[in-house]
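Below is one structure, written out as structure tokens; comments come after it.
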Amino acid sequence: MMRKQQTFSRGLSDKVRKSKAAPEIQKNPFEVKINRKKFDVLGRKSKHDVGLPGVSRSRAIQKRKETLLKEFRLKDKNNKFIDRRFGEYDSKLTPEEKILQRFTLERQRTQDRKDLYNLNEEEELTHYGQSLAEMEKMTDVIDSDSDSEEKGLLSAELTATHFGGGGGLLRKKSAGDDEEEHKPRSRQELIEELIIKSKQEKRERQTQKEEAQELTEKLDQDWRSIQNLLAHKTPKAERKDETDKPKLDQYDMMVRELGFEMKAQPSEKLKSAEELAREERHRLQTLEADRLKRMMGDAEEEAGQTNTHISADDMNDGFMLDGDDRKTLAYKDGKWNIEGEEEEKEEEDGDDEGGEEDEDEEGGEEEEEDDGDDAEGQEEEEEDEDDEGHCDLQSDEGSEDEDGQSTEEEQVCAEEPPAVIEEQKKAVQEAARAELPYTFPAPESYSDLKQLLQDHESEQQCVILDRTLKCHHPSLAAGNKAKLQKLFGFLLEYVGDLATQNPPDLKTVSALIPQICGLCQMFPEAACKAVQTLLSDSGHSMEETLEVKGRAPMPDLDMLVLLKIAALLFPSSDFRHPVMTPAFLYISQALTRCAVVSLEDVCKGLILCCLALDFVSLSQRIFPELLNFLLGLLHLSVSDKHNTGYTVVSPFRRQGKNCDLLVLKDPSVSHSWNRKPISLQTAHRVTAQSPVERDHFRLSLIDSCLDLVKRCTSLYKDLPSYAHIFHPIRALLLKHLPVEGYPAPLQDLHREILDAIPEKPSQHAPLVFKKKKPIPLKLFTPKIVQILDYGKKRGNTKEEKERERLKHKYKREFKGALREIRKDTRFLAHEKLNDVMSRDAERKRKVKELYGSLATQEGEWKALKRKNRK
């Protein structure tokens, strides 16, 4: 028997050996359940080969006692304590922060409770923690810190008020008091009288103090005046003999120099963008009002009335101690000008009304949104110009006032006839009319902008736009942002019109680009949408033309200018960009779909190639349309188009009409050709008429084309496929281009390009598919078949298999849940039965105790009764 027990204990798992009930299990093998297997699998480890039903049952019962039984005992019980203190369970708050927050909440709660029935919504004013309302009811008590001489003493009135009037001998009676005895005054009247007396005493003390201070200052001044007379000066000879002052060391001299050095002066406060815009707007409005006055002829009258005498010692710093408001007497048209006062009054009334209107306008414009960036750079550029003009105007107006002392000029002015004065007045008015206004309304449509800018030079147009931006800055009013956003689109449209004129006004276009850049910086989203709209409209119109006619013309100069402006406004090196990516697509569409039928089209194509090269100069992105177009342009200069070693793609053809646009009619003109840049105006119309001039223009186009090819070779030289990409261009330049008849600069370019492109491209085997699929080798790997965990119930598809698996899992979990619920119910029923049995046993015990006590009492009573009988 002992031998069998030892053998059985060896077969137990580690879980059973390590459990607390291991000794009992070893002694009692009936507590162990061995899970038999139908067959053993080599290498498989089983965790449930031996089960412990007794141990598992006791653990489950103990777990239910700790969880389910406690919940059952606490069922329908409401005596649970919940700690609702602020931040008690918040681990992020420190104890000090918790105490501070609790104290704040407690104070707020008491304050809310105190103000619950307070109908007065006004705030209570306090002074040093005391209510002003309470302080007004009390008198001005003389405290110990007052400046009175009688410190710490109480006045008789204060004593009488607060200590019951001091009846009997304490109160002094006068003749007037007998009559007032029969008229007792109220406490409020006494307090008011006391307040008045205390204030009067305080005022008297202040007056005495000021008089004493004035006397002290006067005495100090008198002492300073006689101090010099009392000073005793000894002769220099005696002074030298008395004491010889020691010479200062270098350190002492440096210390004194540092003490007398100039201290750093505080700089002015930096102004915000809104303040700068408001000041600039105010300055322009002032200048415009001054110009309008000069235009109407009112400036001279005001200048004549404001002539004042200037002293020789005047520093002309604008400082006046007392203004001289006296009216000067004038003699005009043989009469004394006595009505000047009435005219000035009328002018002042009008100025006041205008000032009020300006203030109203400024007040209304102060409420605004500060969106976008501030164009401070552009404003500062034009400030100098405006200031110079304004200073000139002021110098012209005030030139006569500078020498106010000279009587000669006054005599000359007085002797001038009225006709000369009228002519001068008209000249000033004409000059004011010829001046540009300082304030402009924001254009609401493109026609308004065109009417505002036309008939002006490019510099004046820039000044007009700058002043319009300053007068309608986004920080000045709420609607200015929308106005300036519209202005950006109008400017792009205006630039397009300037570029399509005959001849195009490119000078004005280049002058307006800074204003366009400034608006783009202020409103980038609106600028992005405007350029996107123009690019999409142009692309759609090109597609419609291709569908109708089969070919589309090259873009006009306005679109070329727009692409250049887009490259200046937005970054072209981004991988994706909401504006530059459509611009890339538009250029590639134009280079592949637009036909080249004239020299103007060749010039437009070269401009597009320059723009494309600028776009990819930083990112070094490959642009195949650019290289194909340059190859096609070089193909137009080849006279013999048979047996070429390259392929020409759309929009060029190998042979046909317009394939000899760049072939020279007279090769001898190359000796008289001089290199000069191609003007953008030639994209609109080629001005060359004679055959020699047209051949010169062809040579200039070929020169630009070769220069672009050279730039492309330096840009793409690091690409692995560099030689393959430029192989067609090398073949054309080496074998077919008639470079012998070209000038020397073109031959040098030709030689540099050929030196940059390698002769033989690197040998790389092209990637191609094999004709036949390779036969795989026979492998001895077993075929793996998926075996599901729910037996033979398998579905056909993957979804059905997953559905069956989930159904099987659901049934298994459902059965387990039912099993646990039954066990919980059985456990609760057992506990309820134990409670009932314990209560019954307790009741039986108590009943038995009662019966016992009653029986004892009955016995004692019977014994007492028997005793009494005896």
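Note on naming: chains are A, B, ... as they come in the structure tokens, residues start from 1 per chain, ligands start from 1 in the order shown.
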
Could you make a table, as a tab-separated table, of the residues of range 507-567 of chain A that have an atom within 12 Å of an atom of range 645-652 of chain A, each with its nearest atom pair and distance in Å to one decimal, counting only C-alpha atoms, in chain and number order?
```
residue	atom	partner	partner_atom	distance
A:Gly550	CA	A:Pro651	CA	11.5
A:Arg551	CA	A:Pro651	CA	9.1
A:Ala552	CA	A:Pro651	CA	10.2
A:Pro553	CA	A:Pro651	CA	11.0
A:Met554	CA	A:Pro651	CA	11.0
```

From a DSSP calculation on the backbone, collect every residue of range 537-771 of chain A in helix (DSSP H, G or I) and output the set as a PyMOL selection string. chain A and resi 537-549+557-569+580-593+599-615+624-636+667-672+680-683+691-715+722-725+727-736+739-741+744-756

As a list of chain:residue names, please: the residues near Leu631 in chain A (cut-off 9 Å, only C-alpha atoms, same-chain neighbours under 6 positions excluded).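 Here the answer would be A:Val648, A:Val709, A:Pro728, A:Ile729, A:Leu732.
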
For range 270-286 of chain A, please output as a list in words all residues within 6 Å (counting only C-alpha atoms; exclusion window: fewer than 4 positions along the same chain).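 My list of contacting residues is Tyr438, Cys471 and Ser475 of chain A.
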
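The gap separating CA of Gln655 in chain A from CA of Val548 in chain A is 24.5 Å, in Å to one decimal.
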
Restricting the calculation to only C-alpha atoms, which member of A:Ala527, A:Ala434, A:Val739, A:Ala723 is positioned closest to Leu487 in chain A?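 Smallest distance to Leu487 in chain A is found for A:Ala527.
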
Hey, what's within 12 Å of Gly496 in chain A if we count only C-alpha atoms and toss same-chain stuff fewer than 5 positions away? As a PyMOL selection string, please? chain A and resi 489-491+501+504-506+508-509+512+534+556-563+565

Can I get the selection written as a compact mmCIF listing (two decimals), in the first residue's frame, with C-alpha atoms?
```
# COMPACT_ATOMS: atom_id res chain seq x y z
CA GLY A 489 -7.85 89.47 -57.73
CA PHE A 490 -8.44 92.82 -59.42
CA LEU A 491 -4.68 93.47 -59.50
CA GLN A 501 -1.79 95.54 -74.64
CA PRO A 504 2.61 95.38 -73.51
CA ASP A 505 3.30 97.67 -70.56
CA LEU A 506 5.83 95.46 -68.79
CA THR A 508 4.13 98.93 -64.94
CA VAL A 509 3.74 95.17 -64.41
CA LEU A 512 3.12 96.48 -59.35
CA LEU A 534 -7.00 81.71 -63.12
CA ASP A 556 -0.48 84.56 -74.25
CA LEU A 557 1.85 86.87 -72.39
CA ASP A 558 -0.67 87.44 -69.58
CA MET A 559 -0.54 83.76 -68.59
CA LEU A 560 3.25 83.76 -68.81
CA VAL A 561 3.38 86.77 -66.48
CA LEU A 562 0.92 85.05 -64.11
CA LEU A 563 3.13 81.94 -63.95
CA ILE A 565 4.24 85.94 -60.42
```

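Shell of Phe488 in chain A at 7 Å, with only C-alpha atoms counted and residues fewer than 4 places along the chain excluded, is Leu484, Leu492, Ile516, Leu519 and Ala527 of chain A.
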
Distance in Å - CA of Lys807 in chain A versus CA of Arg819 in chain A: 18.3 Å

Do you have the CA of Met837 in chain A-CA of Arg59 in chain A distance handy? 24.7 Å

Closest of A:Leu100, A:Ala688, A:Tyr742, A:Glu268 to His671 in chain A - atom-to-atom distances counting only C-alpha atoms: A:Tyr742
